[in-house]
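Here's the structure, in structure tokens; my notes come after.
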Amino acid sequence: MPPSSLKTLRDAVKSRSFDHAYYITGEDEFQKEDAIRQLIEAALDPVASDFNLDVRRAGELDPESLGVLLGTPPMMAERRVIALRDLGGLRKDAHKVLEGYLKSPAPDLLLIMHVSAGAKEDNAVSSLSTSLSFDALSGDRIPKWIAHHATSAHSVTITSGASELLQAAVGNDLYLLAGELDKLASYVAGRSAEIAEDDVAAVVGVRRGETQSDLLDAVAERNVARALELIPHILAQPKTTAVSVVMALSTQMLAISWGRAKLDEGLSRGRLNQEYFDLLRETGAFTGRPWGSATAVWARAADRWSRESLDRALDSLLETDIALKESRVSSEEQLLSTLVLSLCADQPRSAAA
């Protein structure tokens, strides 16, 4: 999300001074829903909110009903709030009513318009509103989000180690992270104001050394015994599937291949870690772990793999992805074990030495 959107939202909520309409877009539905919630809570007195809040799906409104909604004054309050969901579903005739309203908005109405991820931008409406864009957070911003959400939503802090372990176990899905933080806050309530690694292990069911990040490390190091040992632990974790593991491994192997090519071109090993960070900022690739730990592992592993072994690894990953979606015989654990054996078997001379 562009910093300007976050600043605009925070300034409005803090000052309780709002523009007449907000046009909320982006790929991350959690952040969009959170922005809508913050605007509603800041704009309305809870006592009068039942009479002054309308949340409607845009596609269900005809021109007359939309006109009535937009024209209704607040009841015993400073303002009304209307939240229109899935604005892309608004009928053409109702859209004309909306455009007409936005050209001459009511001073006592806050209009919030939600645009579903992937929907085409409505330039006519966005130009008459304040746009807030919420795209998925990149891997380097997730730890900051975890710390902020723990403090703002639950009034607890979380150690950096616990945050990293939580992200390694759950991934970058903000809905899942928020749900686990809610459980963690309840777990430590009354005995601590800080979430530690032991709390994450107890609540989420994952311990340091048994995360998907550890499996990625073992494969990068071509430690087949360690990788095979980790597979059942990883698959037993919440929301983890063999497909998600293959996705993370694919990103890692592509990154190592990219780094191998950079080294072959003459890039110094000392520069490779920073080059990886720059690459992630440009692409926003799914790493399956915090960016810092990912780039460190990739930089160390780049000269442990030959171009030929990397090509074979990518072929094996593609074959496994297809097998996971088509096979009715082999289990996920069996397919991942076969994949790990294929990836780690071709030990390079430098590592053997």
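Here, A, B, ... name the chains of the structure tokens in the order displayed, residue numbers run from 1 inside each chain, and ligands are numbered from 1 in the same displayed order.
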
Quick one: everything within 12 Å of A:Arg37, counting only C-alpha atoms, minus sequence neighbours fewer than 4 positions away in the same chain. Send it as a PyMOL selection string. chain A and resi 9+13+30-33+41-44+53+55+81-83+112+114

Fewer than 2 positions away in the same chain doesn't count, so skip those; otherwise give me all residues within 9 Å of A:Pro63, counting only C-alpha atoms, as a VMD selection string. chain A and resid 61 65 to 68 91 to 98

Using only C-alpha atoms, pick whichever of A:Thr283, A:Asp199, A:Pro46, A:Glu333 has the shortest atom-to-atom distance to A:His233. A:Glu333

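Atom CA of A:Arg79 to atom CA of A:Ser116 spans 25.9 Å [interatomic distance, one decimal].
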
Stretch 67-232 of chain A: which residues are strand (DSSP E or B) by DSSP, as a short mmCIF file (atom, residue, chain, number, x, y, z; two decimals) with all heavy atoms, in the first residue's frame?
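Dumped to result-v1.cif:
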data_model
loop_
_atom_site.label_atom_id
_atom_site.label_comp_id
_atom_site.auth_asym_id
_atom_site.auth_seq_id
_atom_site.Cartn_x
_atom_site.Cartn_y
_atom_site.Cartn_z
N ARG A 80 -24.03 10.67 8.97
CA ARG A 80 -24.34 9.30 8.62
C ARG A 80 -23.15 8.70 7.87
O ARG A 80 -22.32 9.42 7.32
CB ARG A 80 -25.57 9.22 7.70
CG ARG A 80 -26.88 9.56 8.36
CD ARG A 80 -28.03 9.40 7.38
NE ARG A 80 -28.25 7.99 7.05
CZ ARG A 80 -28.17 7.47 5.84
NH1 ARG A 80 -27.84 8.23 4.81
NH2 ARG A 80 -28.39 6.18 5.63
N VAL A 81 -23.09 7.37 7.86
CA VAL A 81 -22.07 6.66 7.10
C VAL A 81 -22.74 5.61 6.24
O VAL A 81 -23.60 4.86 6.71
CB VAL A 81 -21.03 5.98 8.03
CG1 VAL A 81 -20.05 5.15 7.20
CG2 VAL A 81 -20.28 7.02 8.86
N ILE A 82 -22.36 5.59 4.97
CA ILE A 82 -22.82 4.55 4.05
C ILE A 82 -21.59 3.83 3.52
O ILE A 82 -20.65 4.46 3.04
CB ILE A 82 -23.62 5.14 2.87
CG1 ILE A 82 -24.90 5.82 3.35
CG2 ILE A 82 -23.96 4.04 1.86
CD1 ILE A 82 -25.65 6.55 2.25
N ALA A 83 -21.59 2.51 3.63
CA ALA A 83 -20.52 1.69 3.06
C ALA A 83 -21.10 0.87 1.93
O ALA A 83 -21.98 0.02 2.16
CB ALA A 83 -19.91 0.80 4.13
N LEU A 84 -20.64 1.11 0.73
CA LEU A 84 -21.08 0.36 -0.45
C LEU A 84 -20.03 -0.68 -0.79
O LEU A 84 -18.89 -0.34 -1.12
CB LEU A 84 -21.28 1.30 -1.65
CG LEU A 84 -22.41 2.33 -1.56
CD1 LEU A 84 -22.46 3.14 -2.85
CD2 LEU A 84 -23.74 1.65 -1.31
N ARG A 85 -20.40 -1.94 -0.72
CA ARG A 85 -19.47 -3.03 -1.00
C ARG A 85 -19.55 -3.45 -2.47
O ARG A 85 -20.61 -3.40 -3.07
CB ARG A 85 -19.76 -4.23 -0.11
CG ARG A 85 -19.51 -3.95 1.36
CD ARG A 85 -19.58 -5.22 2.17
NE ARG A 85 -19.17 -4.99 3.54
CZ ARG A 85 -17.90 -4.91 3.95
NH1 ARG A 85 -16.94 -5.07 3.05
NH2 ARG A 85 -17.60 -4.70 5.20
N LEU A 109 -22.64 13.43 5.41
CA LEU A 109 -22.62 12.03 5.01
C LEU A 109 -21.21 11.61 4.63
O LEU A 109 -20.55 12.28 3.83
CB LEU A 109 -23.54 11.79 3.82
CG LEU A 109 -23.49 10.40 3.18
CD1 LEU A 109 -23.89 9.31 4.18
CD2 LEU A 109 -24.36 10.33 1.94
N LEU A 110 -20.74 10.51 5.22
CA LEU A 110 -19.46 9.91 4.84
C LEU A 110 -19.77 8.67 4.01
O LEU A 110 -20.40 7.73 4.49
CB LEU A 110 -18.65 9.52 6.08
CG LEU A 110 -17.41 8.67 5.84
CD1 LEU A 110 -16.43 9.39 4.91
CD2 LEU A 110 -16.73 8.31 7.16
N LEU A 111 -19.31 8.68 2.77
CA LEU A 111 -19.55 7.57 1.85
C LEU A 111 -18.25 6.79 1.67
O LEU A 111 -17.22 7.34 1.30
CB LEU A 111 -20.04 8.10 0.50
CG LEU A 111 -20.28 7.06 -0.59
CD1 LEU A 111 -21.35 6.05 -0.18
CD2 LEU A 111 -20.67 7.76 -1.90
N ILE A 112 -18.32 5.48 1.96
CA ILE A 112 -17.16 4.59 1.82
C ILE A 112 -17.47 3.58 0.72
O ILE A 112 -18.46 2.85 0.82
CB ILE A 112 -16.85 3.86 3.13
CG1 ILE A 112 -16.66 4.86 4.28
CG2 ILE A 112 -15.62 2.97 2.98
CD1 ILE A 112 -16.59 4.21 5.65
N MET A 113 -16.66 3.52 -0.31
CA MET A 113 -16.90 2.63 -1.45
C MET A 113 -15.80 1.59 -1.54
O MET A 113 -14.62 1.92 -1.67
CB MET A 113 -17.00 3.45 -2.73
CG MET A 113 -18.20 4.39 -2.76
SD MET A 113 -18.11 5.62 -4.10
CE MET A 113 -16.84 6.74 -3.45
N HIS A 114 -16.18 0.33 -1.45
CA HIS A 114 -15.25 -0.79 -1.48
C HIS A 114 -15.22 -1.40 -2.88
O HIS A 114 -16.26 -1.68 -3.46
CB HIS A 114 -15.69 -1.85 -0.46
CG HIS A 114 -15.08 -3.20 -0.66
ND1 HIS A 114 -15.64 -4.15 -1.48
CD2 HIS A 114 -13.95 -3.75 -0.17
CE1 HIS A 114 -14.90 -5.24 -1.47
NE2 HIS A 114 -13.87 -5.03 -0.68
N THR A 130 -11.66 10.37 -2.45
CA THR A 130 -10.30 10.19 -1.93
C THR A 130 -9.96 8.71 -2.04
O THR A 130 -10.62 7.87 -1.43
CB THR A 130 -10.21 10.64 -0.47
OG1 THR A 130 -10.50 12.03 -0.38
CG2 THR A 130 -8.81 10.37 0.10
N SER A 131 -8.96 8.39 -2.84
CA SER A 131 -8.60 6.99 -3.08
C SER A 131 -7.64 6.48 -2.01
O SER A 131 -6.67 7.15 -1.65
CB SER A 131 -7.96 6.84 -4.46
OG SER A 131 -8.89 7.09 -5.48
N LEU A 132 -7.92 5.27 -1.53
CA LEU A 132 -7.04 4.57 -0.60
C LEU A 132 -6.74 3.20 -1.23
O LEU A 132 -7.66 2.44 -1.48
CB LEU A 132 -7.69 4.38 0.77
CG LEU A 132 -8.10 5.65 1.53
CD1 LEU A 132 -8.80 5.27 2.83
CD2 LEU A 132 -6.89 6.53 1.81
N SER A 133 -5.46 2.92 -1.46
CA SER A 133 -5.09 1.67 -2.13
C SER A 133 -4.35 0.76 -1.15
O SER A 133 -3.39 1.18 -0.50
CB SER A 133 -4.19 1.98 -3.33
OG SER A 133 -3.78 0.79 -3.96
N THR A 157 2.80 -6.67 23.35
CA THR A 157 3.94 -6.64 22.45
C THR A 157 4.30 -8.07 22.07
O THR A 157 3.83 -9.03 22.69
CB THR A 157 5.15 -5.95 23.12
OG1 THR A 157 5.49 -6.66 24.32
CG2 THR A 157 4.82 -4.51 23.45
N ILE A 158 5.14 -8.21 21.07
CA ILE A 158 5.58 -9.53 20.63
C ILE A 158 7.07 -9.45 20.34
O ILE A 158 7.54 -8.50 19.72
CB ILE A 158 4.79 -10.01 19.40
CG1 ILE A 158 5.23 -11.42 18.98
CG2 ILE A 158 4.89 -9.03 18.23
CD1 ILE A 158 4.30 -12.07 17.95
N GLU A 194 3.54 -9.55 26.95
CA GLU A 194 4.41 -9.80 25.80
C GLU A 194 4.23 -11.23 25.32
O GLU A 194 4.15 -12.17 26.11
CB GLU A 194 5.86 -9.57 26.18
CG GLU A 194 6.85 -9.76 25.03
CD GLU A 194 8.28 -9.46 25.44
OE1 GLU A 194 8.86 -10.28 26.20
OE2 GLU A 194 8.81 -8.43 25.03
N ILE A 195 4.16 -11.40 24.02
CA ILE A 195 4.08 -12.72 23.40
C ILE A 195 5.50 -13.18 23.08
O ILE A 195 6.24 -12.49 22.38
CB ILE A 195 3.24 -12.68 22.11
CG1 ILE A 195 1.80 -12.25 22.42
CG2 ILE A 195 3.26 -14.03 21.42
CD1 ILE A 195 0.98 -11.93 21.18
#

Please return, as a ChimeraX atom specification, all residues of stretch 11-132 of chain A that DSSP assigns to helix (DSSP H, G or I) on the basis of the backbone. /A:11-15,29-43,49-52,58-60,63-71,87-89,92-103,123-126

Near A:Lys120, within 12 Å and counting only C-alpha atoms, which residues show up once chain neighbours fewer than 3 positions away are dropped, as a PDB file with N, CA and C atoms, in the first residue's frame?
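Listing of selection.pdb after writing:
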ATOM      1  N   THR A  25      -9.493   0.572  -2.759  1.00  0.00           N
ATOM      2  CA  THR A  25      -9.116  -0.441  -3.748  1.00  0.00           C
ATOM      3  C   THR A  25      -7.910  -1.236  -3.264  1.00  0.00           C
ATOM      4  N   GLY A  26      -7.489  -2.221  -4.056  1.00  0.00           N
ATOM      5  CA  GLY A  26      -6.275  -2.972  -3.777  1.00  0.00           C
ATOM      6  C   GLY A  26      -6.527  -4.463  -3.683  1.00  0.00           C
ATOM      7  N   GLU A  27      -5.443  -5.214  -3.597  1.00  0.00           N
ATOM      8  CA  GLU A  27      -5.509  -6.670  -3.595  1.00  0.00           C
ATOM      9  C   GLU A  27      -5.692  -7.267  -2.210  1.00  0.00           C
ATOM     10  N   ASP A  86     -18.395  -3.877  -2.997  1.00  0.00           N
ATOM     11  CA  ASP A  86     -18.309  -4.375  -4.368  1.00  0.00           C
ATOM     12  C   ASP A  86     -18.895  -3.354  -5.335  1.00  0.00           C
ATOM     13  N   LEU A  87     -18.271  -2.206  -5.386  1.00  0.00           N
ATOM     14  CA  LEU A  87     -18.791  -1.108  -6.205  1.00  0.00           C
ATOM     15  C   LEU A  87     -18.883  -1.484  -7.678  1.00  0.00           C
ATOM     16  N   GLY A  88     -18.040  -2.414  -8.121  1.00  0.00           N
ATOM     17  CA  GLY A  88     -18.068  -2.816  -9.528  1.00  0.00           C
ATOM     18  C   GLY A  88     -19.379  -3.445  -9.945  1.00  0.00           C
ATOM     19  N   GLY A  89     -20.180  -3.894  -8.973  1.00  0.00           N
ATOM     20  CA  GLY A  89     -21.463  -4.504  -9.289  1.00  0.00           C
ATOM     21  C   GLY A  89     -22.597  -3.507  -9.436  1.00  0.00           C
ATOM     22  N   VAL A 115     -14.011  -1.581  -3.416  1.00  0.00           N
ATOM     23  CA  VAL A 115     -13.833  -2.182  -4.736  1.00  0.00           C
ATOM     24  C   VAL A 115     -13.160  -3.538  -4.552  1.00  0.00           C
ATOM     25  N   SER A 116     -13.766  -4.590  -5.066  1.00  0.00           N
ATOM     26  CA  SER A 116     -13.218  -5.934  -4.904  1.00  0.00           C
ATOM     27  C   SER A 116     -11.877  -6.066  -5.620  1.00  0.00           C
ATOM     28  N   ALA A 117     -11.013  -6.922  -5.074  1.00  0.00           N
ATOM     29  CA  ALA A 117      -9.697  -7.171  -5.682  1.00  0.00           C
ATOM     30  C   ALA A 117      -9.863  -7.652  -7.115  1.00  0.00           C
ATOM     31  N   ASN A 123     -12.764   5.168 -12.943  1.00  0.00           N
ATOM     32  CA  ASN A 123     -12.087   6.460 -12.974  1.00  0.00           C
ATOM     33  C   ASN A 123     -13.018   7.621 -12.659  1.00  0.00           C
ATOM     34  N   ALA A 124     -14.260   7.533 -13.119  1.00  0.00           N
ATOM     35  CA  ALA A 124     -15.209   8.620 -12.880  1.00  0.00           C
ATOM     36  C   ALA A 124     -15.460   8.801 -11.391  1.00  0.00           C
ATOM     37  N   VAL A 125     -15.628   7.684 -10.678  1.00  0.00           N
ATOM     38  CA  VAL A 125     -15.905   7.751  -9.238  1.00  0.00           C
ATOM     39  C   VAL A 125     -14.643   8.074  -8.454  1.00  0.00           C
ATOM     40  N   SER A 126     -13.521   7.449  -8.812  1.00  0.00           N
ATOM     41  CA  SER A 126     -12.290   7.673  -8.054  1.00  0.00           C
ATOM     42  C   SER A 126     -11.826   9.123  -8.155  1.00  0.00           C
TER      43      SER A 126
END
